[in-house]
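Peer 1: Here you go, this is structure.txt (compact mmCIF, C-alpha atoms).
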# COMPACT_ATOMS: atom_id res chain seq x y z
CA MET S 1 30.99 40.47 13.04
CA ASN S 2 32.12 43.80 11.53
CA ASP S 3 30.39 46.57 13.50
CA LYS S 4 29.83 48.54 10.29
CA LEU S 5 27.51 45.76 9.09
CA LYS S 6 25.45 45.56 12.29
CA GLY S 7 22.17 47.36 12.33
CA LEU S 8 21.75 47.34 8.56
CA VAL S 9 17.98 47.36 8.06
CA LEU S 10 16.62 46.06 4.79
CA GLY S 11 13.21 45.13 3.50
CA LEU S 12 13.24 41.66 1.94
CA SER S 13 10.86 39.76 -0.30
CA LEU S 14 10.90 36.53 -2.26
CA GLY S 15 12.67 38.49 -5.00
CA VAL S 16 15.87 38.36 -2.94
CA MET S 17 15.95 34.60 -3.16
CA LEU S 18 15.14 34.56 -6.87
CA THR S 19 17.02 37.51 -8.35
CA GLY S 20 19.27 38.80 -5.60
CA SER S 21 17.56 42.21 -5.65
CA VAL S 22 16.35 43.87 -2.46
CA ALA S 23 12.76 45.05 -2.26
CA TYR S 24 10.38 46.30 0.38
CA ALA S 25 7.93 43.69 1.68
CA SER S 26 4.57 45.03 2.83
CA GLY S 27 6.19 47.62 5.07
CA THR S 28 7.83 44.92 7.22
CA GLN S 29 11.43 45.56 8.28
CA ILE S 30 13.78 42.85 9.53
CA GLU S 31 17.38 43.13 10.66
CA VAL S 32 19.88 41.14 8.60
CA TYR S 33 23.69 40.83 8.62
CA PHE S 34 25.79 40.25 5.54
CA GLN S 35 28.95 38.14 5.72
CA ASN S 36 31.59 37.08 3.25
CA LEU S 37 30.24 33.55 2.86
CA LYS S 38 32.20 30.86 1.02
CA TYR S 39 30.28 28.29 -1.09
CA MET S 40 31.84 24.89 -1.83
CA PHE S 41 30.27 22.48 -4.35
CA ASP S 42 31.83 19.00 -4.52
CA GLY S 43 35.06 20.44 -3.14
CA PHE S 44 35.21 23.45 -5.50
CA GLU S 45 34.47 27.04 -4.52
CA LYS S 46 31.86 28.98 -6.48
CA LYS S 47 30.88 32.59 -6.00
CA PRO S 48 27.51 34.22 -6.75
CA ALA S 49 27.38 36.89 -9.42
CA GLU S 50 26.33 40.39 -8.42
CA ASP S 51 22.81 39.93 -9.82
CA GLN S 52 22.36 36.72 -7.82
CA GLY S 53 22.67 38.43 -4.44
CA GLN S 54 24.70 37.88 -1.27
CA GLY S 55 24.09 35.50 1.59
CA PHE S 56 22.88 36.95 4.89
CA ILE S 57 22.07 36.01 8.46
CA TYR S 58 18.71 36.68 10.06
CA ASN S 59 17.78 35.66 13.59
CA GLY S 60 20.73 33.24 13.78
CA THR S 61 19.91 31.46 10.50
CA THR S 62 22.05 31.76 7.37
CA TYR S 63 20.22 32.31 4.07
CA VAL S 64 21.74 31.98 0.61
CA PRO S 65 20.43 33.08 -2.82
CA LEU S 66 18.27 30.32 -4.27
CA ARG S 67 19.10 31.21 -7.87
CA PHE S 68 22.84 30.97 -7.22
CA VAL S 69 22.61 27.60 -5.46
CA SER S 70 20.30 26.18 -8.13
CA GLU S 71 22.44 27.31 -11.04
CA ALA S 72 25.64 26.19 -9.28
CA LEU S 73 24.07 22.73 -9.22
CA GLY S 74 23.19 23.01 -12.89
CA LYS S 75 19.48 23.61 -12.26
CA ASP S 76 17.45 26.49 -13.63
CA VAL S 77 15.12 28.29 -11.23
CA GLN S 78 11.84 29.97 -12.16
CA TRP S 79 9.11 31.83 -10.30
CA ASP S 80 5.49 31.20 -11.29
CA ASP S 81 3.54 34.17 -9.95
CA GLU S 82 0.18 32.71 -10.95
CA THR S 83 0.57 29.60 -8.81
CA GLN S 84 3.01 31.12 -6.29
CA THR S 85 5.44 28.32 -7.04
CA ILE S 86 9.24 28.17 -7.25
CA TRP S 87 10.42 25.72 -9.91
CA VAL S 88 13.97 24.38 -9.52
CA GLY S 89 15.05 22.44 -12.59
CA LYS S 90 12.51 21.46 -15.22
CA LYS S 91 9.16 23.19 -15.00
CA LEU S 92 6.33 20.75 -15.57
CA ASP S 93 3.48 21.58 -17.90
CA THR S 94 0.64 20.28 -15.75
CA ALA S 95 -1.83 20.80 -18.59
CA ALA S 96 0.13 18.53 -20.95
CA THR S 97 -1.57 15.27 -21.94
CA VAL S 98 0.12 12.05 -20.85
CA ALA S 99 -2.64 9.71 -22.02
CA GLU S 100 -5.78 9.77 -24.13
CA TYR S 101 -8.72 7.41 -23.75
CA GLN S 102 -12.10 7.17 -25.36
CA GLY S 103 -13.98 10.14 -23.98
CA GLY S 104 -11.15 12.01 -22.25
CA GLN S 105 -7.52 12.47 -21.31
CA VAL S 106 -5.11 12.24 -18.38
CA THR S 107 -3.05 15.38 -17.83
CA ARG S 108 0.38 15.65 -16.26
CA GLY S 109 -1.30 17.43 -13.36
CA ASP S 110 -3.68 14.50 -12.84
CA TYR S 111 -0.74 12.13 -12.92
CA GLU S 112 1.44 14.09 -10.48
CA LYS S 113 -1.36 14.54 -7.95
CA PHE S 114 -2.27 10.84 -8.04
CA ALA S 115 1.40 9.82 -7.63
CA ALA S 116 1.84 12.28 -4.77
CA VAL S 117 -1.19 10.91 -2.90
CA MET S 118 0.08 7.36 -3.44
CA ARG S 119 3.41 8.46 -1.95
CA PHE S 120 1.64 10.20 0.94
CA LEU S 121 -0.45 7.14 1.82
CA ASN S 122 2.54 4.79 1.48
CA PRO S 123 6.01 6.40 1.34
CA GLN S 124 7.46 3.13 -0.02
CA ASN S 125 5.70 3.87 -3.31
CA ALA S 126 8.35 6.53 -3.98
CA GLN S 127 10.88 3.82 -4.87
CA HIS S 128 8.72 2.77 -7.85
CA GLU S 129 8.12 6.21 -9.35
CA GLN S 130 10.79 5.83 -12.05
CA ASP S 131 9.48 2.41 -13.03
CA ASN S 132 7.54 2.54 -16.30
CA GLN S 133 5.15 -0.18 -15.13
CA TYR S 134 4.29 1.92 -12.09
CA LYS S 135 3.76 4.98 -14.29
CA GLN S 136 1.42 2.96 -16.49
CA TYR S 137 -0.40 1.69 -13.39
CA ILE S 138 -1.13 5.28 -12.30
CA ILE S 139 -2.36 6.26 -15.76
CA ASP S 140 -4.55 3.14 -15.91
CA GLN S 141 -6.10 3.89 -12.52
CA ILE S 142 -6.96 7.46 -13.46
CA ALA S 143 -8.32 6.56 -16.90
CA ALA S 144 -10.29 3.59 -15.55
CA SER S 145 -11.96 5.64 -12.81
CA HIS S 146 -12.99 8.32 -15.32
CA ILE S 147 -14.32 5.76 -17.80
CA ILE S 148 -16.19 3.81 -15.11
CA ALA S 149 -17.68 7.03 -13.71
CA GLY S 150 -19.47 7.38 -17.03
CA LYS S 151 -20.87 3.85 -16.73
CA LEU S 152 -22.57 4.38 -13.36
CA ASP S 153 -26.34 4.72 -13.29
CA GLU S 154 -27.85 7.87 -11.75
CA GLU S 155 -28.78 6.19 -8.47
CA THR S 156 -25.28 4.82 -7.90
CA ALA S 157 -23.61 8.08 -8.94
CA ALA S 158 -25.80 9.99 -6.48
CA LYS S 159 -24.53 7.81 -3.62
CA LEU S 160 -20.83 8.37 -4.37
CA PRO S 161 -20.39 11.70 -2.50
CA ALA S 162 -21.61 10.16 0.76
CA LEU S 163 -19.30 7.16 0.29
CA VAL S 164 -16.35 9.44 -0.40
CA ASP S 165 -17.11 11.58 2.67
CA GLY S 166 -17.28 8.41 4.76
CA GLN S 167 -13.84 7.33 3.56
CA MET S 168 -12.42 10.79 4.27
CA ARG S 169 -13.79 10.63 7.83
CA GLN S 170 -12.13 7.25 8.29
CA LEU S 171 -8.80 8.72 7.18
CA GLU S 172 -9.25 11.57 9.64
CA GLN S 173 -9.98 9.09 12.44
CA LEU S 174 -6.93 6.99 11.56
CA ASN S 175 -4.86 10.15 11.80
CA SER S 176 -6.47 11.38 15.03
CA SER S 177 -3.56 10.27 17.22
CA SER S 178 -1.04 12.26 15.16
CA ALA S 179 0.36 15.56 16.41
CA GLN S 180 -0.50 17.11 13.04
CA THR S 181 -3.87 17.27 11.37
CA LEU S 182 -4.39 15.43 8.10
CA SER S 183 -4.56 18.79 6.32
CA GLU S 184 -1.20 19.84 7.78
CA GLN S 185 0.46 16.60 6.74
CA LEU S 186 -0.92 16.91 3.22
CA LYS S 187 0.33 20.50 2.98
CA GLN S 188 3.86 19.35 3.81
CA GLN S 189 3.70 17.12 0.73
CA GLY S 190 2.36 19.88 -1.49
CA LEU S 191 -1.15 18.40 -1.40
CA SER S 192 -4.56 19.60 -0.34
CA GLU S 193 -7.56 17.80 1.11
CA ASP S 194 -9.24 18.21 -2.28
CA ASP S 195 -6.33 16.31 -3.88
CA LEU S 196 -6.82 13.46 -1.42
CA LYS S 197 -10.58 13.57 -1.93
CA THR S 198 -10.13 13.26 -5.69
CA PHE S 199 -7.97 10.18 -5.19
CA VAL S 200 -10.54 8.67 -2.80
CA ARG S 201 -13.36 9.45 -5.23
CA ASP S 202 -11.56 7.67 -8.08
CA THR S 203 -10.88 4.64 -5.88
CA VAL S 204 -14.44 4.50 -4.52
CA THR S 205 -15.82 4.80 -8.06
CA LEU S 206 -13.94 1.67 -9.18
CA GLN S 207 -14.84 -0.25 -6.02
CA THR S 208 -18.52 0.67 -6.23
CA TRP S 209 -18.80 -0.26 -9.89
CA SER S 210 -17.07 -3.63 -9.49
CA THR S 211 -19.15 -4.48 -6.41
CA ASN S 212 -22.45 -3.53 -8.05
CA ALA S 213 -21.50 -5.53 -11.14
CA VAL S 214 -21.92 -8.75 -9.12
CA ASP S 215 -25.50 -9.52 -8.08
CA ASP S 216 -26.74 -12.03 -5.50
CA ALA S 217 -27.73 -14.58 -8.15
CA THR S 218 -24.17 -14.62 -9.48
CA VAL S 219 -22.76 -15.09 -5.99
CA LYS S 220 -25.15 -17.97 -5.22
CA ALA S 221 -24.33 -19.68 -8.52
CA GLU S 222 -20.62 -19.46 -7.71
CA TYR S 223 -21.21 -20.94 -4.26
CA ASP S 224 -23.26 -23.83 -5.65
CA LYS S 225 -20.57 -24.60 -8.23
CA LYS S 226 -17.83 -24.69 -5.59
CA ALA S 227 -19.89 -26.79 -3.21
CA ALA S 228 -20.74 -29.33 -5.93
CA SER S 229 -17.10 -29.69 -6.96
CA GLY S 230 -15.80 -29.98 -3.40
CA ASP S 231 -13.70 -26.84 -3.78
CA GLU S 232 -11.49 -26.37 -0.73
CA SER S 233 -12.66 -22.76 -0.30
CA VAL S 234 -16.11 -23.96 0.85
CA ILE S 235 -15.11 -27.09 2.77
CA THR S 236 -14.87 -27.28 6.53
CA ALA S 237 -13.55 -30.17 8.63
CA SER S 238 -13.16 -31.37 12.19
CA VAL S 239 -9.69 -32.86 12.60
CA ARG S 240 -7.64 -34.32 15.43
CA HIS S 241 -3.88 -34.45 15.07
CA ILE S 242 -0.74 -35.15 17.03
CA LEU S 243 2.24 -32.99 16.07
CA VAL S 244 5.79 -34.25 16.52
CA MET S 245 8.21 -31.44 15.79
CA ASN S 246 11.50 -32.11 14.03
CA GLU S 247 13.33 -29.24 15.76
CA ASP S 248 14.23 -28.53 19.37
CA ASP S 249 13.35 -25.39 21.33
CA LYS S 250 16.36 -23.58 19.83
CA GLY S 251 15.38 -24.35 16.24
CA SER S 252 18.04 -26.99 15.70
CA LYS S 253 17.13 -30.10 13.69
CA LEU S 254 16.52 -33.21 15.77
CA PRO S 255 18.12 -36.51 14.72
CA LYS S 256 15.79 -38.40 12.38
CA GLU S 257 16.04 -41.48 14.58
CA THR S 258 14.70 -39.49 17.57
CA VAL S 259 11.71 -38.21 15.62
CA ASP S 260 10.98 -41.61 14.05
CA ALA S 261 11.13 -43.33 17.44
CA LYS S 262 8.56 -40.95 18.92
CA LEU S 263 6.25 -41.33 15.92
CA LYS S 264 6.46 -45.11 16.11
CA GLU S 265 5.69 -45.05 19.83
CA ILE S 266 2.52 -43.07 19.17
CA GLN S 267 1.49 -45.23 16.21
CA ASP S 268 1.97 -48.43 18.19
CA LYS S 269 -0.24 -47.13 21.00
CA LEU S 270 -2.93 -46.07 18.56
CA ALA S 271 -2.79 -49.48 16.87
CA ALA S 272 -3.26 -51.07 20.29
CA GLY S 273 -6.47 -49.08 20.81
CA ALA S 274 -5.28 -46.14 22.88
CA ASP S 275 -7.51 -43.06 22.89
CA PHE S 276 -6.40 -40.54 20.23
CA ALA S 277 -7.38 -37.50 22.32
CA GLU S 278 -5.46 -38.71 25.37
CA LEU S 279 -2.35 -39.42 23.28
CA ALA S 280 -2.63 -35.93 21.77
CA LYS S 281 -2.64 -34.41 25.26
CA GLN S 282 0.40 -36.49 26.16
CA TYR S 283 2.52 -36.25 22.99
CA SER S 284 1.38 -33.42 20.71
CA GLU S 285 3.62 -30.36 20.45
CA ASP S 286 0.93 -28.14 18.98
CA PRO S 287 -0.05 -25.66 21.74
CA GLY S 288 -3.17 -24.64 19.79
CA SER S 289 -4.87 -28.04 20.07
CA LYS S 290 -2.89 -30.15 22.54
CA ASP S 291 -5.10 -29.44 25.56
CA ASN S 292 -8.20 -30.07 23.46
CA GLY S 293 -7.14 -33.58 22.56
CA GLY S 294 -5.63 -32.39 19.26
CA LEU S 295 -9.04 -31.23 17.96
CA TYR S 296 -9.70 -28.44 15.49
CA ALA S 297 -13.48 -28.36 15.07
CA ASN S 298 -15.25 -27.17 11.93
CA VAL S 299 -12.30 -25.22 10.53
CA PRO S 300 -12.23 -24.11 6.86
CA VAL S 301 -9.60 -26.38 5.30
CA SER S 302 -8.25 -23.47 3.21
CA GLN S 303 -6.66 -22.11 6.39
CA TRP S 304 -4.26 -25.02 6.74
CA THR S 305 -0.82 -25.55 5.26
CA GLU S 306 -0.74 -27.45 1.96
CA ASN S 307 0.13 -31.03 2.99
CA PHE S 308 -2.10 -30.89 6.07
CA LYS S 309 -4.95 -29.54 3.93
CA LYS S 310 -4.47 -32.24 1.29
CA ALA S 311 -4.62 -34.99 3.92
CA THR S 312 -7.73 -33.44 5.47
CA MET S 313 -9.48 -33.34 2.10
CA THR S 314 -8.60 -36.91 1.05
CA LEU S 315 -8.38 -39.10 4.17
CA GLU S 316 -11.15 -41.57 4.84
CA LEU S 317 -13.18 -40.40 7.82
CA ASN S 318 -11.97 -41.66 11.23
CA LYS S 319 -8.99 -43.42 9.65
CA ILE S 320 -5.61 -42.66 11.24
CA SER S 321 -3.06 -41.34 8.76
CA ASP S 322 0.58 -42.18 8.34
CA PRO S 323 2.83 -39.29 9.47
CA VAL S 324 2.23 -36.23 7.26
CA GLU S 325 5.18 -33.87 6.94
CA THR S 326 4.72 -30.07 6.96
CA GLU S 327 7.01 -27.17 7.80
CA TYR S 328 6.00 -27.64 11.45
CA GLY S 329 7.07 -31.27 11.70
CA TYR S 330 5.11 -34.53 11.40
CA HIS S 331 1.37 -34.93 11.99
CA ILE S 332 -0.64 -38.03 12.74
CA ILE S 333 -4.13 -37.07 11.59
CA ARG S 334 -7.69 -38.33 12.04
CA VAL S 335 -10.49 -36.55 10.16
CA GLU S 336 -13.72 -36.83 12.11
CA SER S 337 -16.07 -34.96 9.76
CA ARG S 338 -16.21 -32.83 6.63
CA GLY S 339 -18.92 -30.42 5.57
CA VAL S 340 -19.75 -27.38 3.48
CA ILE S 341 -19.55 -23.87 4.92
CA PRO S 342 -23.07 -22.32 4.93
CA TYR S 343 -23.77 -19.88 2.09
CA ASP S 344 -24.55 -16.96 4.41
CA GLU S 345 -21.10 -17.26 5.98
CA LEU S 346 -19.37 -17.11 2.61
CA LYS S 347 -21.61 -14.71 0.71
CA GLU S 348 -19.59 -11.53 1.35
CA THR S 349 -16.24 -13.23 0.79
CA LEU S 350 -17.42 -14.69 -2.51
CA LYS S 351 -18.89 -11.34 -3.59
CA GLN S 352 -15.57 -9.59 -2.89
CA SER S 353 -13.69 -12.25 -4.83
CA LEU S 354 -16.02 -11.99 -7.82
CA SER S 355 -15.88 -8.19 -7.69
CA GLN S 356 -12.08 -8.32 -7.73
CA THR S 357 -12.23 -10.63 -10.75
CA LYS S 358 -14.60 -8.19 -12.47
CA TYR S 359 -12.21 -5.33 -11.80
CA ASN S 360 -9.15 -7.31 -12.97
CA ASP S 361 -10.92 -8.34 -16.17
CA PHE S 362 -11.79 -4.73 -16.96
CA MET S 363 -8.25 -3.48 -16.26
CA THR S 364 -6.47 -6.21 -18.23
CA LYS S 365 -8.92 -7.05 -21.02
CA GLU S 366 -11.10 -3.99 -21.69
CA LEU S 367 -9.15 -0.91 -20.60
CA PRO S 368 -6.12 -1.38 -22.92
CA GLY S 369 -8.45 -1.13 -25.90
CA LEU S 370 -9.97 2.10 -24.57
CA ILE S 371 -6.66 3.93 -24.06
CA THR S 372 -5.69 5.31 -27.45
CA ASN S 373 -2.38 7.05 -26.66
CA VAL S 374 0.15 7.12 -23.83
CA GLU S 375 3.28 9.22 -23.31
CA LEU S 376 4.80 8.10 -20.02
CA PRO S 377 6.02 11.05 -17.91
CA GLN S 378 9.79 11.41 -17.82
Take the structure in the file and write it out as structure tokens.
Peer 2:
Amino acid sequence: MNDKLKGLVLGLSLGVMLTGSVAYASGTQIEVYFQNLKYMFDGFEKKPAEDQGQGFIYNGTTYVPLRFVSEALGKDVQWDDETQTIWVGKKLDTAATVAEYQGGQVTRGDYEKFAAVMRFLNPQNAQHEQDNQYKQYIIDQIAASHIIAGKLDEETAAKLPALVDGQMRQLEQLNSSSAQTLSEQLKQQGLSEDDLKTFVRDTVTLQTWSTNAVDDATVKAEYDKKAASGDESVITASVRHILVMNEDDKGSKLPKETVDAKLKEIQDKLAAGADFAELAKQYSEDPGSKDNGGLYANVPVSQWTENFKKATMTLELNKISDPVETEYGYHIIRVESRGVIPYDELKETLKQSLSQTKYNDFMTKELPGLITNVELPQ
């Protein structure tokens, strides 16, 4: 480095990066070294104008004027002193309205914060941010939570802060193994804990409303209806089966003749009066039930694959089925009993399902009529 440049002491502030000017920063002095830096953009050299400032080296790191780089890329750069924010490219008007609904509006700031929290919680959401359906989804979520907040009774509304705090504590606990605190991670994404808390509050508001909208009488009526109609979601069964796989250990298809011969051997023995459980121990290739004589006891039939489930629901009790094909191979099945899952075991599951239906109905049937204007962010 040219010795004449060494030891040059200058006071620097953010103004250097924005305008190229040199100013004194709170009495702090740092040693910097100017060099004749060359800037190449897409293979072409560009040079900063005098008012854009020179590049310099401080503590082994090279710094270049932000305004020059931004404008060389065709992007304007602005400094917002009120919010202490550098805007490269288009400056967003966070107060602008992106949607209006009966009783309120969604601002661009609301939208951007919600989208940023969605991205923070699941980085894969970033790939959808230019999708208009995703933009509408965000607007709908914000508008719906604000509208629903106005529908809550005083008692329910009074409980929300505690529910929100509980969710925030859970997020902190989930993050406890990270090297950075939740607050530090949020800051890296330009977010604060209050931004996250607002998102959680909106989500909890919708969940609380939809859950409270379904009372115990409604849940019991739904259970009784399903039980009376033999709906698979409330049916349980005890089933024995013998599985004959149609693939070998390497995943290669076995010759049909080989599979058919094994099935026939089992069927012949069953027809001759052999014990089903003993044959299952001998022949079945299902490790989950083989040692138990092929038995699955009192299992909700909704857990099984389609063809197996259909056979379980329709077979005459204690009658041995013909081979039933599924993606696992061929099953010889005997249904030993069928029953109804007790109400107490299904109550919470049914309530969640009905609450989800309530939420979906509001979002798809009621909300569109309450949103009076939308201008999707670009």
Peer 1: Give me the residues within 12 Å of Lys281 (chain S) as a list of chain:residue names, counting all atoms listed in the file and dropping any in the same chain fewer than 4 places off.
Peer 2: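 Answer for this query is S:Arg240, S:His241, S:Ile242, S:Leu243, S:Ile266, S:Asp275, S:Phe276, S:Ala277, S:Glu285, S:Asp286, S:Pro287, S:Gly288, S:Ser289, S:Lys290, S:Asp291, S:Asn292, S:Gly293, S:Gly294, S:Leu295.
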Peer 1: Could those residues be written to a file, using C-alpha atoms, as a PDB file, in the coordinates of the input?
Peer 2:
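Saved result, result09.pdb, follows:
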ATOM      1  CA  ARG S 240      -7.640 -34.320  15.430  1.00  0.00           C
ATOM      2  CA  HIS S 241      -3.880 -34.450  15.070  1.00  0.00           C
ATOM      3  CA  ILE S 242      -0.740 -35.150  17.030  1.00  0.00           C
ATOM      4  CA  LEU S 243       2.240 -32.990  16.070  1.00  0.00           C
ATOM      5  CA  ILE S 266       2.520 -43.070  19.170  1.00  0.00           C
ATOM      6  CA  ASP S 275      -7.510 -43.060  22.890  1.00  0.00           C
ATOM      7  CA  PHE S 276      -6.400 -40.540  20.230  1.00  0.00           C
ATOM      8  CA  ALA S 277      -7.380 -37.500  22.320  1.00  0.00           C
ATOM      9  CA  GLU S 285       3.620 -30.360  20.450  1.00  0.00           C
ATOM     10  CA  ASP S 286       0.930 -28.140  18.980  1.00  0.00           C
ATOM     11  CA  PRO S 287      -0.050 -25.660  21.740  1.00  0.00           C
ATOM     12  CA  GLY S 288      -3.170 -24.640  19.790  1.00  0.00           C
ATOM     13  CA  SER S 289      -4.870 -28.040  20.070  1.00  0.00           C
ATOM     14  CA  LYS S 290      -2.890 -30.150  22.540  1.00  0.00           C
ATOM     15  CA  ASP S 291      -5.100 -29.440  25.560  1.00  0.00           C
ATOM     16  CA  ASN S 292      -8.200 -30.070  23.460  1.00  0.00           C
ATOM     17  CA  GLY S 293      -7.140 -33.580  22.560  1.00  0.00           C
ATOM     18  CA  GLY S 294      -5.630 -32.390  19.260  1.00  0.00           C
ATOM     19  CA  LEU S 295      -9.040 -31.230  17.960  1.00  0.00           C
TER      20      LEU S 295
END
Peer 1: Choose the residue, out of S:Ile235, S:Ala311, S:Leu66, S:Leu182, that has the smallest atom-to-atom separation from Tyr223 (chain S); count all atoms listed in the file.
Peer 2: S:Ile235
Peer 1: What is the CA of Gln124 (chain S)-CA of Asp93 (chain S) distance in Å, reported with one decimal?
Peer 2: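 According to the coordinates, CA of Gln124 (chain S) and CA of Asp93 (chain S) are separated by 26.0 Å.
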Peer 1: Smallest atom-to-atom distance to Ile148 (chain S): which of S:Lys75, S:Lys113, S:Arg201, S:Lys187, using only C-alpha atoms?
Peer 2: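 Nearest to Ile148 (chain S): S:Arg201.
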Peer 1: Excluding Lys351 (chain S) and its own-chain neighbours fewer than 2 positions away, which residues fall within 12 Å of it when counting only C-alpha atoms? Please give them as a list of chain:residue names.
Peer 2: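 The filter keeps S:Ser210, S:Thr211, S:Asn212, S:Ala213, S:Val214, S:Asp215, S:Asp216, S:Ala217, S:Thr218, S:Val219, S:Lys220, S:Ala221, S:Glu222, S:Tyr223, S:Tyr343, S:Asp344, S:Glu345, S:Leu346, S:Lys347, S:Glu348, S:Thr349, S:Ser353, S:Leu354, S:Ser355, S:Gln356, S:Thr357, S:Lys358.
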Peer 1: Measuring atom to atom with all atoms listed in the file, identify which of S:Thr364, S:Asn373, S:Gln180, S:Asn59 is nearest to Tyr137 (chain S).
Peer 2: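 Smallest separation from Tyr137 (chain S) among the options: S:Thr364.
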Peer 1: Can you work out which one of S:Val98, S:Ala271, S:Ala149, S:Leu196 has the shortest atom-to-atom distance to Glu172 (chain S), counting only C-alpha atoms?
Peer 2: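 Once distances to Glu172 (chain S) are computed over only C-alpha atoms, the minimum belongs to S:Leu196.
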Peer 1: Measuring between all atoms listed in the file, which one of S:Leu367, S:Ala237, S:Leu254, S:Val259 shows the shortest distance to Glu336 (chain S)?
Peer 2: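 For Glu336 (chain S), the nearest of the given residues is S:Ala237.
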Peer 1: Tell me which of S:Gln52, S:Lys197, S:Ser192, S:Ala116 sits closest to Arg169 (chain S), counting all atoms listed in the file.
Peer 2: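 Ranking S:Gln52, S:Lys197, S:Ser192, S:Ala116 by distance to Arg169 (chain S), first place goes to S:Lys197.
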Peer 1: What is the CA of Ala96 (chain S) to CA of Arg108 (chain S) distance in Å?
Peer 2: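 CA of Arg108 (chain S) lies at a distance of 5.5 Å from CA of Ala96 (chain S).
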Peer 1: Could you work out how far CA of Gln189 (chain S) lies from CA of Pro123 (chain S), giving the answer in Å with one decimal?
Peer 2: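 Going from CA of Pro123 (chain S) over to CA of Gln189 (chain S) covers 11.0 Å.
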Peer 1: Show which residues sit within 10 Å of Ala157 (chain S), as a PyMOL selection string. Count only C-alpha atoms, and ignore same-chain residues fewer than 5 positions away.
Peer 2: chain S and resi 149-152+205+208-209
Peer 1: Quick one: 6 Å padding each side, axis-aligned, all listed atoms of region 232-239 of chain S - centre and edge lengths in Å to one decimal, as lines of an AutoDock Vina configuration file?
Peer 2:
center_x = -12.9
center_y = -27.8
center_z = 5.9
size_x = 18.4
size_y = 22.1
size_z = 25.3
Peer 1: Within 10 Å of Val204 (chain S), counting only C-alpha atoms, which residues show up once you throw out same-chain ones fewer than 3 positions away? Write them as a ChimeraX atom specification, please.
Peer 2: /S:145,160-161,163-164,167,198-201,207-210
Peer 1: Skipping near chain neighbours, those fewer than 6 positions away, what residues fall within 12 Å of Val239 (chain S) using all atoms listed in the file, listed as a count of residues only?
Peer 2: 36
